[in-house]
>>> print(open('start29.txt').read())   # compact mmCIF, C-alpha atoms
# COMPACT_ATOMS: atom_id res chain seq x y z
CA MET H 172 111.49 108.33 126.96
CA ASP H 173 109.22 107.67 123.97
CA ILE H 174 110.68 104.35 122.84
CA MET H 175 108.69 104.05 119.66
CA LYS H 176 109.59 107.48 118.27
CA ASN H 177 113.20 107.21 119.42
CA PHE H 178 113.86 104.00 117.51
CA TYR H 179 111.71 104.29 114.41
CA ARG H 180 111.33 107.89 113.28
CA ASN H 181 114.37 107.67 110.98
CA ILE H 182 113.01 105.42 108.17
CA ASN H 183 109.38 105.75 107.12
CA HIS H 184 109.34 104.51 103.55
CA ILE H 185 111.57 103.15 100.79
CA LYS H 186 110.56 102.72 97.16
CA TYR H 187 112.11 100.15 94.82
CA THR H 188 111.93 100.55 91.05
CA SER H 189 110.74 97.69 88.85
CA ASN H 190 112.93 94.63 88.55
CA SER H 191 113.87 94.50 84.86
CA PHE H 192 116.21 91.54 85.29
CA GLY H 193 114.26 89.01 87.38
CA ARG H 194 111.19 88.31 89.49
CA ASP H 195 109.86 89.88 92.68
CA PHE H 196 108.29 87.82 95.49
CA PHE H 197 106.40 88.91 98.62
CA LEU H 198 106.75 86.90 101.82
CA GLY H 199 104.55 86.62 104.91
CA ASP H 200 105.89 86.79 108.48
CA LEU H 201 108.96 84.54 108.70
CA HIS H 202 109.31 84.09 112.48
CA GLY H 203 112.74 82.50 112.51
CA SER H 204 111.85 79.75 110.03
CA PHE H 205 115.02 79.99 107.96
CA ASN H 206 114.87 76.36 106.83
CA LEU H 207 111.33 76.74 105.49
CA LEU H 208 112.37 79.83 103.54
CA THR H 209 115.34 77.96 102.08
CA LYS H 210 113.00 75.17 101.00
CA LEU H 211 110.57 77.64 99.45
CA LEU H 212 113.27 79.47 97.49
CA LYS H 213 114.48 76.18 96.05
CA LYS H 214 110.95 75.27 94.98
CA VAL H 215 110.58 78.47 92.92
CA ASN H 216 114.15 78.32 91.56
CA PHE H 217 114.91 81.68 93.13
CA ASP H 218 117.77 83.42 91.28
CA PHE H 219 119.83 85.23 93.93
CA LYS H 220 121.48 87.40 91.27
CA LYS H 221 118.26 88.61 89.66
CA ASP H 222 115.22 88.00 91.88
CA ARG H 223 114.13 89.99 94.94
CA LEU H 224 112.16 89.07 98.06
CA PHE H 225 110.11 91.53 100.15
CA CYS H 226 108.85 90.48 103.60
CA THR H 227 105.99 91.76 105.77
CA GLY H 228 108.21 91.79 108.90
CA ASP H 229 108.40 89.66 112.05
CA LEU H 230 111.59 87.96 110.90
CA ILE H 231 112.27 86.82 114.45
CA ASP H 232 110.85 84.75 117.35
CA ARG H 233 109.11 81.37 117.63
CA GLY H 234 111.22 79.62 114.97
CA GLU H 235 114.64 78.06 115.40
CA SER H 236 116.77 80.60 113.48
CA SER H 237 115.83 84.17 114.42
CA PHE H 238 119.33 85.62 114.17
CA GLU H 239 119.91 83.98 110.78
CA CYS H 240 116.65 85.49 109.53
CA LEU H 241 117.66 88.97 110.70
CA LYS H 242 120.96 88.62 108.84
CA LEU H 243 119.02 88.18 105.61
CA CYS H 244 118.57 91.96 105.60
CA GLU H 245 122.25 92.25 104.66
CA LYS H 246 121.61 90.41 101.41
CA ASP H 247 121.10 92.51 98.29
CA TRP H 248 118.05 90.42 97.29
CA PHE H 249 116.14 90.53 100.61
CA PHE H 250 114.12 93.43 102.03
CA SER H 251 111.72 93.62 104.98
CA VAL H 252 109.52 96.14 106.71
CA LEU H 253 109.49 96.48 110.47
CA GLY H 254 107.30 94.07 112.44
CA ASN H 255 105.94 94.19 115.96
CA HIS H 256 108.33 91.44 117.08
CA GLU H 257 111.32 93.56 116.03
CA THR H 258 109.69 96.35 118.04
CA MET H 259 109.51 94.11 121.11
CA LEU H 260 113.22 93.33 120.76
CA MET H 261 114.14 97.02 120.66
CA GLU H 262 111.89 97.85 123.60
CA ALA H 263 113.36 94.95 125.58
CA MET H 264 116.81 96.53 125.32
CA VAL H 265 115.76 99.39 127.56
CA ASN H 266 112.90 97.97 129.63
CA SER H 267 113.09 94.80 131.73
CA PHE H 268 109.31 94.37 131.92
CA ARG H 269 109.03 94.50 128.14
CA LYS H 270 111.84 91.96 127.91
CA GLU H 271 109.74 89.55 129.99
CA VAL H 272 106.78 90.10 127.66
CA TRP H 273 108.97 89.56 124.61
CA PHE H 274 110.50 86.38 126.01
CA ARG H 275 107.00 84.99 126.55
CA ASN H 276 106.34 85.61 122.86
CA GLY H 277 109.36 83.82 121.42
CA GLY H 278 112.31 86.03 122.34
CA GLN H 279 114.26 83.40 124.29
CA TRP H 280 116.69 82.96 121.37
CA TRP H 281 118.23 86.28 122.49
CA LEU H 282 119.91 84.45 125.38
CA GLY H 283 121.86 82.31 122.92
CA ILE H 284 123.73 85.06 121.05
CA ASN H 285 126.68 87.18 122.20
CA GLU H 286 126.80 90.93 122.80
CA ASP H 287 128.27 91.74 119.39
CA ASP H 288 125.44 89.87 117.69
CA ARG H 289 122.92 91.71 119.86
CA VAL H 290 124.32 95.08 118.79
CA PHE H 291 124.32 93.89 115.20
CA SER H 292 120.66 92.85 115.50
CA GLY H 293 119.65 96.27 116.82
CA ASN H 294 121.48 98.02 113.98
CA ILE H 295 119.80 95.82 111.39
CA ILE H 296 116.36 96.69 112.77
CA LYS H 297 117.04 100.42 112.97
CA ASN H 298 118.83 100.82 109.64
CA LYS H 299 117.48 98.09 107.36
CA MET H 300 113.80 97.74 108.23
CA PRO H 301 111.62 100.70 107.20
CA ILE H 302 108.01 101.02 108.25
CA ALA H 303 106.73 100.75 104.67
CA ILE H 304 108.03 99.66 101.27
CA THR H 305 106.72 100.37 97.77
CA VAL H 306 107.70 98.18 94.81
CA GLU H 307 107.04 98.97 91.17
CA THR H 308 105.52 95.88 89.47
CA ASN H 309 103.48 94.95 86.40
CA MET H 310 100.46 95.39 88.69
CA GLY H 311 101.51 98.96 89.34
CA ASP H 312 102.92 100.17 92.65
CA VAL H 313 102.39 97.65 95.44
CA GLY H 314 102.97 98.33 99.13
CA VAL H 315 104.35 96.28 101.99
CA ILE H 316 103.50 97.07 105.61
CA HIS H 317 103.35 94.86 108.68
CA SER H 318 99.69 95.11 109.67
CA PHE H 319 97.54 98.22 109.31
CA TYR H 320 97.77 101.36 107.18
CA PRO H 321 96.10 104.26 109.05
CA PHE H 322 96.00 106.76 106.16
CA ASP H 323 93.77 107.19 103.10
CA LYS H 324 96.56 107.53 100.56
CA TRP H 325 99.80 105.63 99.95
CA PRO H 326 102.72 106.07 100.59
CA LEU H 327 103.98 107.42 103.87
CA ARG H 328 105.87 110.67 103.44
CA ASP H 329 109.56 110.24 104.16
CA SER H 330 109.72 113.58 105.95
CA GLU H 331 106.67 112.98 108.14
CA GLU H 332 107.29 112.26 111.82
CA LEU H 333 104.79 109.61 112.82
CA SER H 334 103.31 109.63 116.29
CA SER H 335 103.79 106.69 118.64
CA SER H 336 100.10 105.80 118.29
CA GLN H 337 100.35 105.77 114.50
CA ILE H 338 103.42 103.53 114.56
CA ARG H 339 101.85 101.20 117.08
CA SER H 340 98.71 101.01 114.92
CA ILE H 341 100.80 100.13 111.84
CA LEU H 342 102.56 97.34 113.74
CA TRP H 343 99.77 95.94 115.95
CA ASP H 344 96.27 96.83 114.70
CA ARG H 345 94.23 93.80 113.53
CA SER H 346 90.90 95.58 113.01
CA VAL H 347 90.78 95.28 109.20
CA ILE H 348 90.98 91.50 109.18
CA ILE H 349 89.09 90.86 112.44
CA GLU H 350 86.17 93.03 111.34
CA SER H 351 86.48 92.08 107.63
CA LYS H 352 86.72 95.72 106.59
CA PRO H 353 87.32 96.06 102.80
CA ILE H 354 89.29 99.31 102.90
CA ILE H 355 90.64 100.80 99.66
CA THR H 356 93.85 102.80 99.96
CA GLU H 357 94.50 105.24 97.11
CA GLY H 358 97.86 105.47 95.36
CA VAL H 359 98.69 101.75 95.44
CA SER H 360 97.37 98.69 93.60
CA ILE H 361 97.69 96.32 96.53
CA ILE H 362 99.23 96.28 100.02
CA PHE H 363 100.83 93.08 101.31
CA SER H 364 100.47 92.66 105.08
CA GLY H 365 101.07 90.03 107.74
CA HIS H 366 100.80 90.08 111.55
CA THR H 367 97.50 88.19 111.90
CA PRO H 368 97.86 84.42 111.33
CA ILE H 369 95.17 83.02 109.03
CA ASP H 370 94.58 79.71 107.28
CA ALA H 371 94.85 81.14 103.76
CA PRO H 372 95.71 84.50 102.14
CA ARG H 373 92.82 86.94 102.39
CA LEU H 374 92.09 90.05 100.33
CA LEU H 375 90.11 92.88 101.96
CA GLY H 376 89.71 95.93 99.76
CA ASN H 377 93.17 96.28 98.28
CA GLN H 378 95.02 94.89 101.31
CA LEU H 379 96.20 91.28 101.04
CA PHE H 380 97.05 89.45 104.28
CA ILE H 381 99.62 86.67 103.79
CA ASP H 382 100.67 85.53 107.29
CA THR H 383 99.56 81.88 107.21
CA GLY H 384 100.86 80.94 110.65
CA CYS H 385 104.54 80.24 110.05
CA GLY H 386 106.20 79.65 113.43
CA HIS H 387 102.92 78.90 115.21
CA SER H 388 101.65 75.53 116.40
CA ALA H 389 98.52 74.11 114.80
CA ASN H 390 95.30 75.18 116.50
CA GLN H 391 91.57 75.56 115.80
CA LYS H 392 92.06 78.75 113.80
CA ILE H 393 95.20 77.67 111.93
CA LYS H 394 95.00 73.96 111.28
CA LYS H 395 98.06 73.84 109.04
CA PRO H 396 100.62 76.59 109.81
CA ARG H 397 102.84 77.33 106.82
CA LEU H 398 104.99 79.96 105.16
CA THR H 399 103.45 81.79 102.21
CA MET H 400 105.15 83.68 99.40
CA CYS H 401 103.40 85.59 96.60
CA GLU H 402 104.37 86.09 92.98
CA ILE H 403 102.63 88.66 90.80
CA LEU H 404 102.04 87.01 87.41
CA SER H 405 100.08 89.78 85.69
CA SER H 406 98.13 92.95 86.38
CA SER H 407 95.34 90.86 87.91
CA LEU H 408 96.81 87.47 88.87
CA ILE H 409 98.79 86.47 91.96
CA LYS H 410 100.32 83.05 92.55
CA PHE H 411 100.85 81.81 96.11
CA HIS H 412 103.61 79.42 97.10
CA HIS H 413 103.01 77.63 100.43
CA VAL H 414 105.44 75.42 102.34
CA ASP H 415 105.51 73.61 105.66
CA ILE H 416 107.87 70.94 106.95
CA LYS H 417 106.37 68.23 104.73
CA THR H 418 104.59 69.81 101.79
CA TYR H 419 104.80 72.46 99.08
CA THR H 420 101.60 73.67 97.40
CA THR H 421 100.49 76.53 95.19
CA SER H 422 97.28 78.47 94.64
CA GLU H 423 96.20 81.51 92.65
CA MET H 424 94.04 84.59 93.15
CA THR H 425 92.49 86.75 90.45
CA LEU H 426 91.93 90.34 91.51
>>> encode(input="start29.txt", output="C-alpha cells")
Amino acid sequence: MDIMKNFYRNINHIKYTSNSFGRDFFLGDLHGSFNLLTKLLKKVNFDFKKDRLFCTGDLIDRGESSFECLKLCEKDWFFSVLGNHETMLMEAMVNSFRKEVWFRNGGQWWLGINEDDRVFSGNIIKNKMPIAITVETNMGDVGVIHSFYPFDKWPLRDSEELSSSQIRSILWDRSVIIESKPIITEGVSIIFSGHTPIDAPRLLGNQLFIDTGCGHSANQKIKKPRLTMCEILSSSLIKFHHVDIKTYTTSEMTL
C-alpha cells in the first residue's frame, strides 16, 4: 500500500480570503509547545474573535502537549498545513517499524492517550491539515507549506494527484536552506516554511523559513530554541515575535 498517497491525496490546497476584521499571524513549527503558544498569543493581544493564525505544520512531538496542539485545528481561528511529524503519526498507525522511528522522534506521547483520542487525531490530520495554504494579505497572496515547494508556480492545483515523491519532498526536503538556494516561486509574494530548525528566520528567494527550534534542546546550531510567529505589517515589512520559557522578543525584516 502507498501510505503517502492513501492518506494525503484528498486535500492539496486551501485558500483564505483577506481578513477584513482582524490580523493574520504565521507560526513556525509548534512541536507540542502549547504553553509557549499561549504565552505568545497573550503578548500580541491576539483577538480570538477577529485574528487568525496559520502554522507551518509539525504541531506534535517533542513538547509536552501534542494532543492539545492538534486540537487547535478545531478552532475557527487556527489553521495548519501538514508536517512530516503528522505524516510519521499516520504511517505509524499501519507500520510497526515506522512507529518505532516516530517514537524515537518524539511520538511517545501517543502512549498516553486513549483510542478515541487516537482516532480523533487521525481525523484531524486527514481532514484539517492540507498540504498547502494560501492567504490573501496586504503583501498579496502568501503561501504556507511545511518545507519545500517542488514547482515553479504557486499554488498547488486542488485536482492534481501528487506523487508520493512529491509529497515526501514537500514534507522532508531541506535542500533550499542547506544549500542557501534563493529560489523565486511565481504566483505568490512569500512562502512561509518550517521543518529545518534555525537560530533566526531566514529569507531565501521568496521563501521565509521560521522554525526557530521550538521543542528542541539547545545545541551548537540552535543556541536558543524558541517559538516564532510572524506578522505582516505592510507590503514590505514583517514583524517577528519570538518566545521561549523566559523571554519575549521582537525583530523586523524589510523585504
>>> closest_residue(input="start29.txt", among="H:Gln378, H:Asn285, H:Thr399, H:Thr308", to="Cys226 in chain H", atoms="all atoms listed in the file")
H:Thr399
>>> closest_residue(input="start29.txt", among="H:Leu379, H:Gly358, H:Gly293, H:Ser251", to="Val265 in chain H", atoms="all atoms listed in the file")
H:Gly293
>>> residues_around(input="start29.txt", residues="range 381-395 of chain H", least_positions_apart="5", cutoff="6 Å", atoms="only C-alpha atoms", output="MDAnalysis selection string")
chainID H and resid 199:200 202 233:234 365 368:372
>>> write_last_selection(input="start29.txt", atoms="C-alpha atoms", output="PDB file, in the frame of the given file")
ATOM      1  CA  GLY H 199     104.550  86.620 104.910  1.00  0.00           C
ATOM      2  CA  ASP H 200     105.890  86.790 108.480  1.00  0.00           C
ATOM      3  CA  HIS H 202     109.310  84.090 112.480  1.00  0.00           C
ATOM      4  CA  ARG H 233     109.110  81.370 117.630  1.00  0.00           C
ATOM      5  CA  GLY H 234     111.220  79.620 114.970  1.00  0.00           C
ATOM      6  CA  GLY H 365     101.070  90.030 107.740  1.00  0.00           C
ATOM      7  CA  PRO H 368      97.860  84.420 111.330  1.00  0.00           C
ATOM      8  CA  ILE H 369      95.170  83.020 109.030  1.00  0.00           C
ATOM      9  CA  ASP H 370      94.580  79.710 107.280  1.00  0.00           C
ATOM     10  CA  ALA H 371      94.850  81.140 103.760  1.00  0.00           C
ATOM     11  CA  PRO H 372      95.710  84.500 102.140  1.00  0.00           C
TER      12      PRO H 372
END
>>> residues_near_point(input="start29.txt", point="(106.5, 74.9, 108.4)", cutoff="8 Å", atoms="only C-alpha atoms", output="mmCIF file with C-alpha atoms, keeping the file's coordinate frame")
data_model
loop_
_atom_site.group_PDB
_atom_site.id
_atom_site.type_symbol
_atom_site.label_atom_id
_atom_site.label_comp_id
_atom_site.auth_asym_id
_atom_site.auth_seq_id
_atom_site.Cartn_x
_atom_site.Cartn_y
_atom_site.Cartn_z
ATOM 1 C CA SER H 204 111.850 79.750 110.030
ATOM 2 C CA LEU H 207 111.330 76.740 105.490
ATOM 3 C CA CYS H 385 104.540 80.240 110.050
ATOM 4 C CA GLY H 386 106.200 79.650 113.430
ATOM 5 C CA PRO H 396 100.620 76.590 109.810
ATOM 6 C CA ARG H 397 102.840 77.330 106.820
ATOM 7 C CA LEU H 398 104.990 79.960 105.160
ATOM 8 C CA VAL H 414 105.440 75.420 102.340
ATOM 9 C CA ASP H 415 105.510 73.610 105.660
ATOM 10 C CA ILE H 416 107.870 70.940 106.950
ATOM 11 C CA LYS H 417 106.370 68.230 104.730
#
>>> closest_residue(input="start29.txt", among="H:Asn266, H:Ser405, H:Thr356, H:Ser336", to="Gly376 in chain H", atoms="all atoms listed in the file")
H:Thr356
>>> residues_around(input="start29.txt", residues="Lys299 in chain H", least_positions_apart="2", cutoff="10 Å", atoms="all atoms listed in the file", output="list in words")
Ile182, Leu241, Cys244, Glu245, Phe250, Ser251, Val252, Leu253, Gly293, Asn294, Ile295, Ile296, Lys297, Pro301 and Ile302 of chain H
>>> closest_residue(input="start29.txt", among="H:Leu211, H:Ala303, H:Ile341, H:Val313", to="Arg328 in chain H", atoms="all atoms listed in the file")
H:Ala303
>>> closest_residue(input="start29.txt", among="H:Asp195, H:Asp232, H:Leu243, H:Thr420", to="Met259 in chain H", atoms="all atoms listed in the file")
H:Asp232
>>> atom_distance(input="start29.txt", atom1="CA of Leu282 in chain H", atom2="CA of Asn206 in chain H")
20.9 Å
>>> axis_aligned_box(input="start29.txt", around="range 340-346 of chain H", padding_each_side="5 Å", output="AutoDock Vina command-line options")
--center_x 96.7 --center_y 97.4 --center_z 113.9 --size_x 21.7 --size_y 17.2 --size_z 14.1
>>> closest_residue(input="start29.txt", among="H:Phe268, H:Phe249, H:Trp343, H:Phe291", to="Tyr187 in chain H", atoms="all atoms listed in the file")
H:Phe249
>>> residues_around(input="start29.txt", residues="Lys352 in chain H", least_positions_apart="3", cutoff="12 Å", atoms="all atoms listed in the file", output="ChimeraX atom specification")
/H:319,345-349,355,373-379
>>> atom_distance(input="start29.txt", atom1="CA of Asp287 in chain H", atom2="CA of Trp248 in chain H")
24.4 Å
>>> atom_distance(input="start29.txt", atom1="CA of Phe363 in chain H", atom2="CA of Glu332 in chain H")
22.8 Å
>>> residues_around(input="start29.txt", residues="Asp218 in chain H", least_positions_apart="3", cutoff="10 Å", atoms="only C-alpha atoms", output="list in words")
Gly193, Arg194, Leu212, Lys213, Val215, Lys221, Asp222, Arg223 and Trp248 of chain H
>>> write_last_selection(input="start29.txt", atoms="C-alpha atoms", output="PDB file, in the coordinates of the input")
ATOM      1  CA  GLY H 193     114.260  89.010  87.380  1.00  0.00           C
ATOM      2  CA  ARG H 194     111.190  88.310  89.490  1.00  0.00           C
ATOM      3  CA  LEU H 212     113.270  79.470  97.490  1.00  0.00           C
ATOM      4  CA  LYS H 213     114.480  76.180  96.050  1.00  0.00           C
ATOM      5  CA  VAL H 215     110.580  78.470  92.920  1.00  0.00           C
ATOM      6  CA  LYS H 221     118.260  88.610  89.660  1.00  0.00           C
ATOM      7  CA  ASP H 222     115.220  88.000  91.880  1.00  0.00           C
ATOM      8  CA  ARG H 223     114.130  89.990  94.940  1.00  0.00           C
ATOM      9  CA  TRP H 248     118.050  90.420  97.290  1.00  0.00           C
TER      10      TRP H 248
END
>>> residues_around(input="start29.txt", residues="Lys410 in chain H", least_positions_apart="3", cutoff="6 Å", atoms="only C-alpha atoms", output="list in words")
Cys401, Glu402, Ser422 and Glu423 of chain H
>>> residues_near_point(input="start29.txt", point="(102.0, 95.8, 99.4)", cutoff="7 Å", atoms="only C-alpha atoms", output="list in words")
Thr305, Val313, Gly314, Val315, Ile316, Ile361, Ile362, Phe363 and Ser364 of chain H
>>> build_atoms(input="start29.txt", residues="range 335-358 of chain H", atoms="N, CA, C and O atoms", output="PDB file, in the coordinates of the input")
ATOM      1  N   SER H 335     103.675 108.034 118.069  1.00  0.00           N
ATOM      2  CA  SER H 335     103.790 106.690 118.640  1.00  0.00           C
ATOM      3  C   SER H 335     102.524 105.881 118.406  1.00  0.00           C
ATOM      4  O   SER H 335     102.590 104.674 118.124  1.00  0.00           O
ATOM      5  N   SER H 336     101.355 106.527 118.490  1.00  0.00           N
ATOM      6  CA  SER H 336     100.100 105.800 118.290  1.00  0.00           C
ATOM      7  C   SER H 336      99.957 105.355 116.839  1.00  0.00           C
ATOM      8  O   SER H 336      99.434 104.260 116.571  1.00  0.00           O
ATOM      9  N   GLN H 337     100.417 106.162 115.898  1.00  0.00           N
ATOM     10  CA  GLN H 337     100.350 105.770 114.500  1.00  0.00           C
ATOM     11  C   GLN H 337     101.274 104.584 114.212  1.00  0.00           C
ATOM     12  O   GLN H 337     100.888 103.634 113.525  1.00  0.00           O
ATOM     13  N   ILE H 338     102.482 104.631 114.762  1.00  0.00           N
ATOM     14  CA  ILE H 338     103.420 103.530 114.560  1.00  0.00           C
ATOM     15  C   ILE H 338     102.889 102.256 115.197  1.00  0.00           C
ATOM     16  O   ILE H 338     102.934 101.178 114.598  1.00  0.00           O
ATOM     17  N   ARG H 339     102.375 102.386 116.409  1.00  0.00           N
ATOM     18  CA  ARG H 339     101.850 101.200 117.080  1.00  0.00           C
ATOM     19  C   ARG H 339     100.656 100.624 116.316  1.00  0.00           C
ATOM     20  O   ARG H 339     100.489  99.397 116.229  1.00  0.00           O
ATOM     21  N   SER H 340      99.837 101.470 115.720  1.00  0.00           N
ATOM     22  CA  SER H 340      98.710 101.010 114.920  1.00  0.00           C
ATOM     23  C   SER H 340      99.206 100.248 113.691  1.00  0.00           C
ATOM     24  O   SER H 340      98.688  99.178 113.350  1.00  0.00           O
ATOM     25  N   ILE H 341     100.222 100.773 113.024  1.00  0.00           N
ATOM     26  CA  ILE H 341     100.800 100.130 111.840  1.00  0.00           C
ATOM     27  C   ILE H 341     101.324  98.740 112.181  1.00  0.00           C
ATOM     28  O   ILE H 341     101.202  97.800 111.397  1.00  0.00           O
ATOM     29  N   LEU H 342     101.898  98.592 113.366  1.00  0.00           N
ATOM     30  CA  LEU H 342     102.560  97.340 113.740  1.00  0.00           C
ATOM     31  C   LEU H 342     101.649  96.348 114.455  1.00  0.00           C
ATOM     32  O   LEU H 342     101.927  95.137 114.440  1.00  0.00           O
ATOM     33  N   TRP H 343     100.561  96.813 115.078  1.00  0.00           N
ATOM     34  CA  TRP H 343      99.770  95.940 115.950  1.00  0.00           C
ATOM     35  C   TRP H 343      98.296  95.813 115.593  1.00  0.00           C
ATOM     36  O   TRP H 343      97.651  94.833 115.972  1.00  0.00           O
ATOM     37  N   ASP H 344      97.724  96.778 114.895  1.00  0.00           N
ATOM     38  CA  ASP H 344      96.270  96.830 114.700  1.00  0.00           C
ATOM     39  C   ASP H 344      95.790  95.677 113.806  1.00  0.00           C
ATOM     40  O   ASP H 344      96.290  95.473 112.699  1.00  0.00           O
ATOM     41  N   ARG H 345      94.798  94.925 114.273  1.00  0.00           N
ATOM     42  CA  ARG H 345      94.230  93.800 113.530  1.00  0.00           C
ATOM     43  C   ARG H 345      92.789  94.076 113.074  1.00  0.00           C
ATOM     44  O   ARG H 345      92.098  93.161 112.621  1.00  0.00           O
ATOM     45  N   SER H 346      92.323  95.311 113.193  1.00  0.00           N
ATOM     46  CA  SER H 346      90.900  95.580 113.010  1.00  0.00           C
ATOM     47  C   SER H 346      90.409  95.271 111.590  1.00  0.00           C
ATOM     48  O   SER H 346      89.273  94.814 111.413  1.00  0.00           O
ATOM     49  N   VAL H 347      91.229  95.514 110.576  1.00  0.00           N
ATOM     50  CA  VAL H 347      90.780  95.280 109.200  1.00  0.00           C
ATOM     51  C   VAL H 347      90.387  93.828 109.005  1.00  0.00           C
ATOM     52  O   VAL H 347      89.309  93.515 108.495  1.00  0.00           O
ATOM     53  N   ILE H 348      91.250  92.921 109.429  1.00  0.00           N
ATOM     54  CA  ILE H 348      90.980  91.500 109.180  1.00  0.00           C
ATOM     55  C   ILE H 348      89.990  90.921 110.193  1.00  0.00           C
ATOM     56  O   ILE H 348      89.163  90.090 109.855  1.00  0.00           O
ATOM     57  N   ILE H 349      90.031  91.371 111.438  1.00  0.00           N
ATOM     58  CA  ILE H 349      89.090  90.860 112.440  1.00  0.00           C
ATOM     59  C   ILE H 349      87.659  91.269 112.108  1.00  0.00           C
ATOM     60  O   ILE H 349      86.718  90.480 112.234  1.00  0.00           O
ATOM     61  N   GLU H 350      87.493  92.515 111.645  1.00  0.00           N
ATOM     62  CA  GLU H 350      86.170  93.030 111.340  1.00  0.00           C
ATOM     63  C   GLU H 350      85.796  92.889 109.861  1.00  0.00           C
ATOM     64  O   GLU H 350      84.732  93.331 109.442  1.00  0.00           O
ATOM     65  N   SER H 351      86.701  92.268 109.080  1.00  0.00           N
ATOM     66  CA  SER H 351      86.480  92.080 107.630  1.00  0.00           C
ATOM     67  C   SER H 351      86.123  93.387 106.945  1.00  0.00           C
ATOM     68  O   SER H 351      85.117  93.498 106.224  1.00  0.00           O
ATOM     69  N   LYS H 352      86.966  94.403 107.152  1.00  0.00           N
ATOM     70  CA  LYS H 352      86.720  95.720 106.590  1.00  0.00           C
ATOM     71  C   LYS H 352      87.435  95.864 105.241  1.00  0.00           C
ATOM     72  O   LYS H 352      88.657  95.909 105.204  1.00  0.00           O
ATOM     73  N   PRO H 353      86.694  95.948 104.126  1.00  0.00           N
ATOM     74  CA  PRO H 353      87.320  96.060 102.800  1.00  0.00           C
ATOM     75  C   PRO H 353      87.745  97.495 102.486  1.00  0.00           C
ATOM     76  O   PRO H 353      87.100  98.204 101.705  1.00  0.00           O
ATOM     77  N   ILE H 354      88.815  97.940 103.064  1.00  0.00           N
ATOM     78  CA  ILE H 354      89.290  99.310 102.900  1.00  0.00           C
ATOM     79  C   ILE H 354      90.113  99.438 101.617  1.00  0.00           C
ATOM     80  O   ILE H 354      90.965  98.599 101.335  1.00  0.00           O
ATOM     81  N   ILE H 355      89.857 100.498 100.854  1.00  0.00           N
ATOM     82  CA  ILE H 355      90.640 100.800  99.660  1.00  0.00           C
ATOM     83  C   ILE H 355      91.571 101.968  99.954  1.00  0.00           C
ATOM     84  O   ILE H 355      91.119 103.044 100.347  1.00  0.00           O
ATOM     85  N   THR H 356      92.859 101.753  99.794  1.00  0.00           N
ATOM     86  CA  THR H 356      93.850 102.800  99.960  1.00  0.00           C
ATOM     87  C   THR H 356      94.249 103.333  98.594  1.00  0.00           C
ATOM     88  O   THR H 356      94.642 102.556  97.708  1.00  0.00           O
ATOM     89  N   GLU H 357      94.159 104.642  98.391  1.00  0.00           N
ATOM     90  CA  GLU H 357      94.500 105.240  97.110  1.00  0.00           C
ATOM     91  C   GLU H 357      96.019 105.285  96.925  1.00  0.00           C
ATOM     92  O   GLU H 357      96.783 105.290  97.889  1.00  0.00           O
ATOM     93  N   GLY H 358      96.449 105.300  95.662  1.00  0.00           N
ATOM     94  CA  GLY H 358      97.860 105.470  95.360  1.00  0.00           C
ATOM     95  C   GLY H 358      98.663 104.191  95.285  1.00  0.00           C
ATOM     96  O   GLY H 358      99.877 104.229  95.062  1.00  0.00           O
TER      97      GLY H 358
END
